[in-house]
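What follows is one structure encoded as structure tokens, with my remarks underneath.
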Amino acid sequence: MMYWQEEIETMNRSDLEELQLKRLKKTIESAKNSSHYGKLFSELNITSENIHSLDDLRKIPFTTKDDLRNCYPFGMASIPLKDCVRVHSSSGTTGNPTVVLHSKKDLDEWANQVARCMYMVGLRDTDVFQNTSGYGMFTGGLGFQYGAEKLGALTVPAAAGNTKRQIKFITDFGTTCLHIIPSYATRLAEVFYELGIDPRKETKLKTICIGAEPHSEEQRKRIEQLLGVKAYNCFGMSEMNGPGVAFECTEQNGLHIWEDYVIVEIIDPVTLEPVPDGTIGELVLTTINREAMPLIRYRTRDLTRIIPGTCPCGRTHKRLDRFKGRSDDMIILKGVNIFPIQIEKILMNFKELANNYLITIETVGNSDEMQVEVEISDLFTDDYSTLQKLSKNITHQLKDELLITPRLKLVAKGSLPVQEGKAIRVRDLRKF
């Protein structure tokens, strides 16, 4: 059987939109009980009765991360706090963190959503699933934990870090699937080979779920080759529960976003107007199946597009393209808009390079400059003329992609910092 919930996953478009409208009306009724939306709806005279179509959603202003911070801790709650059973929080770098509340029903629905994603890529109750994400306030750990248990898989809550222990569990427990961030997947592969273990031949790994940080198609292919697995892209964010918002199917041609849980909009981040399918813009999401803390027209800041057409897998829910970056992660240098993933895409094409790199932006004199440091493979030559030729080739390709010329620095493998959590790829040292 291909589908976890065939009736929902293959629902025709008109029926799916009818379900969305019904759930949107219910969501607006619930959201008005929160202090934030209650005040907003009252000022704009918004009620569920004057929402007659999905287009009417545009009558409601966007919700932003600042709204969540300003409502800290529980100003977005739509049900009494006594009916909430869990709170997750972001690790915000400035000001108040963002907080998300869940009811028991919310957690059950979230587990089902993640189980649906895992089933879609071929995982079953016979699998051994190892979760290398952090637990606690971060949603990645518990989200996949409950989803895998809902699926019926034997679940290993290994948490983040301690790579040698991860490998021991993989080999001893017969792990078949990992949830792992891309930068750590390449690090895990490196340690496998350092220990003299070929994961392609000496483990039962077949599937990994990757997400939580931007990664290129080239990096995905490298991970698949190193570990001998199929790597499926996962999208989630704590404001939308966590992992499982959208997920690739086995076709690997875009992430199906579950429209029975959210309404999808893609807008121009400058004009805030909708853009046509196929056009890159900012992803805006409205939850329509959440009790404790619904969010309406939430600006995710993630840049992507809706892929036109249908998927051969038979699922009718829209597909999102690989994320280009975030509208607030964009680097503007010499008047050029640059996303770190553009640089990674070039670097990953060179087999002479290892996986670790660091982008530094700094002010030199009166000019802002970019330096890209990247480790070379320990199997590659140390011949000066060969390295010079390689450096020139990489620089040329970076210039063609970015429209500026960064300073490239090839360094020995192991020279750059290694994080077992989310990789730090950019240091912005400019003097503003």
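Labels for the structure tokens follow display order: chains A, B, ..., residues from 1 in each chain, ligands from 1.
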
So that I can check the surroundings of Ile280 in chain A, please list as a ChimeraX atom specification every protein, DNA and RNA residue that reaches within 12 Å of it, counting only C-alpha atoms and ignoring chain neighbours fewer than 4 positions away. /A:265-269,274-276,302-307,320-327

Would you mind listing what lies within 8 Å of Ile170 in chain A as a compact mmCIF listing (two decimals) with all heavy atoms, in the first residue's frame, with only C-alpha atoms counted and same-chain residues fewer than 5 positions away left out?
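To be explicit, this is the file written out as out13.txt:
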# COMPACT_ATOMS: atom_id res chain seq x y z
N GLN A 130 16.42 5.71 13.91
CA GLN A 130 17.32 6.36 14.86
C GLN A 130 17.25 7.87 14.67
O GLN A 130 17.48 8.38 13.58
CB GLN A 130 18.75 5.86 14.67
CG GLN A 130 19.73 6.37 15.73
CD GLN A 130 21.00 5.55 15.75
OE1 GLN A 130 20.96 4.32 15.60
NE2 GLN A 130 22.14 6.19 15.94
N THR A 175 19.94 -0.32 12.59
CA THR A 175 19.18 0.87 12.20
C THR A 175 19.02 0.91 10.68
O THR A 175 19.98 0.75 9.93
CB THR A 175 19.91 2.14 12.69
OG1 THR A 175 19.99 2.11 14.12
CG2 THR A 175 19.17 3.40 12.25
N THR A 176 17.78 1.16 10.24
CA THR A 176 17.50 1.24 8.80
C THR A 176 17.25 2.67 8.33
O THR A 176 17.33 2.97 7.14
CB THR A 176 16.28 0.38 8.44
OG1 THR A 176 15.14 0.84 9.20
CG2 THR A 176 16.54 -1.09 8.72
N THR A 203 26.22 -1.88 7.23
CA THR A 203 25.06 -1.48 8.03
C THR A 203 23.79 -1.81 7.24
O THR A 203 23.85 -2.17 6.06
CB THR A 203 25.05 0.03 8.36
OG1 THR A 203 24.67 0.77 7.19
CG2 THR A 203 26.42 0.50 8.83
N LYS A 204 22.65 -1.65 7.90
CA LYS A 204 21.35 -1.86 7.25
C LYS A 204 20.68 -0.55 6.84
O LYS A 204 19.51 -0.54 6.47
CB LYS A 204 20.44 -2.66 8.18
CG LYS A 204 20.93 -4.09 8.44
CD LYS A 204 19.96 -4.86 9.33
CE LYS A 204 20.45 -6.29 9.56
NZ LYS A 204 19.52 -7.06 10.43
N LEU A 205 21.44 0.55 6.91
CA LEU A 205 20.88 1.84 6.54
C LEU A 205 20.36 1.83 5.11
O LEU A 205 21.03 1.35 4.20
CB LEU A 205 21.94 2.94 6.67
CG LEU A 205 22.32 3.40 8.09
CD1 LEU A 205 23.46 4.41 8.02
CD2 LEU A 205 21.11 4.00 8.80

What lies within 9 Å of Asp368 in chain A using only C-alpha atoms, ignoring chain neighbours under 2 positions off, as a PyMOL selection string? chain A and resi 333-334+361-366+370+430-431

Give me, as JSON lines, the closest atom pair and its distance (Å, one decimal) for every residue of range 92-170 of chain A within a cut-off of 10 Å of range 223-247 of chain A, counting only C-alpha atoms, rows sorted by chain and rising number.
{"residue": "A:Thr98", "atom": "CA", "partner": "A:Glu239", "partner_atom": "CA", "distance": 8.0}
{"residue": "A:Val99", "atom": "CA", "partner": "A:Glu239", "partner_atom": "CA", "distance": 7.9}
{"residue": "A:Val100", "atom": "CA", "partner": "A:Glu239", "partner_atom": "CA", "distance": 6.2}
{"residue": "A:Leu101", "atom": "CA", "partner": "A:Asn241", "partner_atom": "CA", "distance": 8.8}
{"residue": "A:His102", "atom": "CA", "partner": "A:Asn241", "partner_atom": "CA", "distance": 8.2}
{"residue": "A:Asp106", "atom": "CA", "partner": "A:Asn241", "partner_atom": "CA", "distance": 8.4}
{"residue": "A:Leu107", "atom": "CA", "partner": "A:Asn241", "partner_atom": "CA", "distance": 8.5}
{"residue": "A:Glu109", "atom": "CA", "partner": "A:Asn241", "partner_atom": "CA", "distance": 9.8}
{"residue": "A:Trp110", "atom": "CA", "partner": "A:Asn241", "partner_atom": "CA", "distance": 6.8}
{"residue": "A:Ala111", "atom": "CA", "partner": "A:Gly244", "partner_atom": "CA", "distance": 8.7}
{"residue": "A:Asn112", "atom": "CA", "partner": "A:Gly244", "partner_atom": "CA", "distance": 9.2}
{"residue": "A:Gln113", "atom": "CA", "partner": "A:Gly244", "partner_atom": "CA", "distance": 5.9}
{"residue": "A:Val114", "atom": "CA", "partner": "A:Gly244", "partner_atom": "CA", "distance": 4.7}
{"residue": "A:Ala115", "atom": "CA", "partner": "A:Gly244", "partner_atom": "CA", "distance": 8.3}
{"residue": "A:Arg116", "atom": "CA", "partner": "A:Gly244", "partner_atom": "CA", "distance": 8.3}
{"residue": "A:Cys117", "atom": "CA", "partner": "A:Phe247", "partner_atom": "CA", "distance": 6.0}
{"residue": "A:Met118", "atom": "CA", "partner": "A:Phe247", "partner_atom": "CA", "distance": 8.6}
{"residue": "A:Met120", "atom": "CA", "partner": "A:Phe247", "partner_atom": "CA", "distance": 8.6}
{"residue": "A:Val121", "atom": "CA", "partner": "A:Tyr232", "partner_atom": "CA", "distance": 7.6}
{"residue": "A:Met137", "atom": "CA", "partner": "A:Ser238", "partner_atom": "CA", "distance": 9.5}
{"residue": "A:Phe138", "atom": "CA", "partner": "A:Ser238", "partner_atom": "CA", "distance": 7.8}
{"residue": "A:Thr139", "atom": "CA", "partner": "A:Gly242", "partner_atom": "CA", "distance": 5.2}
{"residue": "A:Gly140", "atom": "CA", "partner": "A:Pro243", "partner_atom": "CA", "distance": 5.9}
{"residue": "A:Gly141", "atom": "CA", "partner": "A:Pro243", "partner_atom": "CA", "distance": 8.9}
{"residue": "A:Leu142", "atom": "CA", "partner": "A:Gly242", "partner_atom": "CA", "distance": 9.0}
{"residue": "A:Gly143", "atom": "CA", "partner": "A:Pro243", "partner_atom": "CA", "distance": 6.0}
{"residue": "A:Phe144", "atom": "CA", "partner": "A:Pro243", "partner_atom": "CA", "distance": 7.0}
{"residue": "A:Gly147", "atom": "CA", "partner": "A:Gly244", "partner_atom": "CA", "distance": 8.8}

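Neighbouring residues of Arg187 in chain A at 12 Å or closer, counting only C-alpha atoms and skipping chain neighbours under 4 positions away, are Gly161, Asn162, Thr163, Lys164, Gln166, Ile167, Ile180, Ile181, Pro182, Ser183, Val191, Phe192, Tyr193, Glu194, Arg222, Ile223, Leu226, Leu227, Ala354, Asn355, Asn356, Gly414, Pro417, Val418, Gln419, Glu420, Gly421, Lys422 and Ala423 of chain A.
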
Those same residues - N, CA and C atoms - I'd like them written as a PDB file, in the first residue's frame.
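Dumped everything to again08.pdb:
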ATOM      1  N   GLY A 161      24.775  14.476  18.538  1.00  0.00           N
ATOM      2  CA  GLY A 161      26.174  14.349  18.929  1.00  0.00           C
ATOM      3  C   GLY A 161      26.624  12.941  19.242  1.00  0.00           C
ATOM      4  N   ASN A 162      27.850  12.851  19.822  1.00  0.00           N
ATOM      5  CA  ASN A 162      28.472  11.587  20.203  1.00  0.00           C
ATOM      6  C   ASN A 162      28.468  10.619  19.017  1.00  0.00           C
ATOM      7  N   THR A 163      29.243  10.972  18.013  1.00  0.00           N
ATOM      8  CA  THR A 163      29.178  10.271  16.734  1.00  0.00           C
ATOM      9  C   THR A 163      29.529   8.792  16.843  1.00  0.00           C
ATOM     10  N   LYS A 164      30.522   8.460  17.619  1.00  0.00           N
ATOM     11  CA  LYS A 164      30.907   7.051  17.740  1.00  0.00           C
ATOM     12  C   LYS A 164      29.797   6.226  18.386  1.00  0.00           C
ATOM     13  N   GLN A 166      26.610   6.984  18.074  1.00  0.00           N
ATOM     14  CA  GLN A 166      25.607   6.873  17.004  1.00  0.00           C
ATOM     15  C   GLN A 166      25.926   5.678  16.115  1.00  0.00           C
ATOM     16  N   ILE A 167      27.192   5.557  15.745  1.00  0.00           N
ATOM     17  CA  ILE A 167      27.607   4.474  14.852  1.00  0.00           C
ATOM     18  C   ILE A 167      27.433   3.118  15.531  1.00  0.00           C
ATOM     19  N   ILE A 180      18.445  13.191  10.421  1.00  0.00           N
ATOM     20  CA  ILE A 180      19.755  13.804  10.626  1.00  0.00           C
ATOM     21  C   ILE A 180      19.843  15.081   9.802  1.00  0.00           C
ATOM     22  N   ILE A 181      20.583  16.079  10.296  1.00  0.00           N
ATOM     23  CA  ILE A 181      20.770  17.287   9.496  1.00  0.00           C
ATOM     24  C   ILE A 181      21.891  17.037   8.486  1.00  0.00           C
ATOM     25  N   PRO A 182      21.845  17.694   7.328  1.00  0.00           N
ATOM     26  CA  PRO A 182      22.784  17.360   6.242  1.00  0.00           C
ATOM     27  C   PRO A 182      24.254  17.476   6.614  1.00  0.00           C
ATOM     28  N   SER A 183      24.641  18.558   7.307  1.00  0.00           N
ATOM     29  CA  SER A 183      26.057  18.733   7.637  1.00  0.00           C
ATOM     30  C   SER A 183      26.543  17.628   8.573  1.00  0.00           C
ATOM     31  N   VAL A 191      33.286   9.754   9.866  1.00  0.00           N
ATOM     32  CA  VAL A 191      33.708   8.965  11.030  1.00  0.00           C
ATOM     33  C   VAL A 191      33.547   7.473  10.752  1.00  0.00           C
ATOM     34  N   PHE A 192      32.503   7.094  10.040  1.00  0.00           N
ATOM     35  CA  PHE A 192      32.363   5.694   9.623  1.00  0.00           C
ATOM     36  C   PHE A 192      33.640   5.214   8.942  1.00  0.00           C
ATOM     37  N   TYR A 193      34.082   5.976   7.950  1.00  0.00           N
ATOM     38  CA  TYR A 193      35.244   5.540   7.167  1.00  0.00           C
ATOM     39  C   TYR A 193      36.532   5.639   7.981  1.00  0.00           C
ATOM     40  N   GLU A 194      36.618   6.634   8.890  1.00  0.00           N
ATOM     41  CA  GLU A 194      37.786   6.714   9.777  1.00  0.00           C
ATOM     42  C   GLU A 194      37.889   5.477  10.666  1.00  0.00           C
ATOM     43  N   ARG A 222      25.782  13.611  -2.531  1.00  0.00           N
ATOM     44  CA  ARG A 222      27.013  13.177  -1.869  1.00  0.00           C
ATOM     45  C   ARG A 222      26.689  12.335  -0.642  1.00  0.00           C
ATOM     46  N   ILE A 223      25.701  12.757   0.143  1.00  0.00           N
ATOM     47  CA  ILE A 223      25.294  11.990   1.324  1.00  0.00           C
ATOM     48  C   ILE A 223      24.808  10.604   0.914  1.00  0.00           C
ATOM     49  N   LEU A 226      27.846   8.472  -0.043  1.00  0.00           N
ATOM     50  CA  LEU A 226      28.712   8.117   1.082  1.00  0.00           C
ATOM     51  C   LEU A 226      28.079   7.065   1.986  1.00  0.00           C
ATOM     52  N   LEU A 227      26.773   7.163   2.221  1.00  0.00           N
ATOM     53  CA  LEU A 227      26.102   6.276   3.168  1.00  0.00           C
ATOM     54  C   LEU A 227      25.351   5.127   2.491  1.00  0.00           C
ATOM     55  N   ALA A 354      36.542  18.544   0.507  1.00  0.00           N
ATOM     56  CA  ALA A 354      35.826  17.874   1.591  1.00  0.00           C
ATOM     57  C   ALA A 354      34.501  18.607   1.819  1.00  0.00           C
ATOM     58  N   ASN A 355      33.820  18.304   2.924  1.00  0.00           N
ATOM     59  CA  ASN A 355      32.455  18.800   3.115  1.00  0.00           C
ATOM     60  C   ASN A 355      32.362  20.107   3.902  1.00  0.00           C
ATOM     61  N   ASN A 356      33.422  20.475   4.604  1.00  0.00           N
ATOM     62  CA  ASN A 356      33.319  21.612   5.503  1.00  0.00           C
ATOM     63  C   ASN A 356      33.773  22.897   4.826  1.00  0.00           C
ATOM     64  N   GLY A 414      40.129  19.276   8.339  1.00  0.00           N
ATOM     65  CA  GLY A 414      40.180  19.366   9.793  1.00  0.00           C
ATOM     66  C   GLY A 414      40.542  20.747  10.302  1.00  0.00           C
ATOM     67  N   PRO A 417      36.234  24.649  12.030  1.00  0.00           N
ATOM     68  CA  PRO A 417      35.459  24.108  13.156  1.00  0.00           C
ATOM     69  C   PRO A 417      34.396  23.124  12.675  1.00  0.00           C
ATOM     70  N   VAL A 418      34.162  22.084  13.460  1.00  0.00           N
ATOM     71  CA  VAL A 418      33.132  21.089  13.157  1.00  0.00           C
ATOM     72  C   VAL A 418      32.081  21.145  14.255  1.00  0.00           C
ATOM     73  N   GLN A 419      30.830  21.302  13.857  1.00  0.00           N
ATOM     74  CA  GLN A 419      29.733  21.301  14.818  1.00  0.00           C
ATOM     75  C   GLN A 419      28.947  20.006  14.664  1.00  0.00           C
ATOM     76  N   GLU A 420      28.579  19.396  15.767  1.00  0.00           N
ATOM     77  CA  GLU A 420      27.720  18.216  15.698  1.00  0.00           C
ATOM     78  C   GLU A 420      26.252  18.611  15.709  1.00  0.00           C
ATOM     79  N   GLY A 421      25.974  19.897  15.884  1.00  0.00           N
ATOM     80  CA  GLY A 421      24.628  20.409  15.700  1.00  0.00           C
ATOM     81  C   GLY A 421      24.548  21.093  14.349  1.00  0.00           C
ATOM     82  N   LYS A 422      23.676  22.090  14.253  1.00  0.00           N
ATOM     83  CA  LYS A 422      23.499  22.792  12.989  1.00  0.00           C
ATOM     84  C   LYS A 422      24.780  23.535  12.625  1.00  0.00           C
ATOM     85  N   ALA A 423      25.256  23.351  11.413  1.00  0.00           N
ATOM     86  CA  ALA A 423      26.515  23.947  10.982  1.00  0.00           C
ATOM     87  C   ALA A 423      26.410  25.461  10.881  1.00  0.00           C
TER      88      ALA A 423
END

Return as JSON, numbers by chain the full set of residues in range 8-43 of chain A whose backbone-based DSSP assignment is alpha helix (DSSP H). {"A": [8, 9, 13, 14, 15, 16, 17, 18, 19, 20, 21, 22, 23, 24, 25, 26, 27, 28, 29, 30, 31, 35, 36, 37, 38, 39, 40, 41, 42, 43]}

Which one of A:Ile394, A:Glu213, A:Phe62, A:Asn12 sits closest to Asp329 in chain A if you count only C-alpha atoms?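 The answer is A:Glu213, which sits nearest to Asp329 in chain A.
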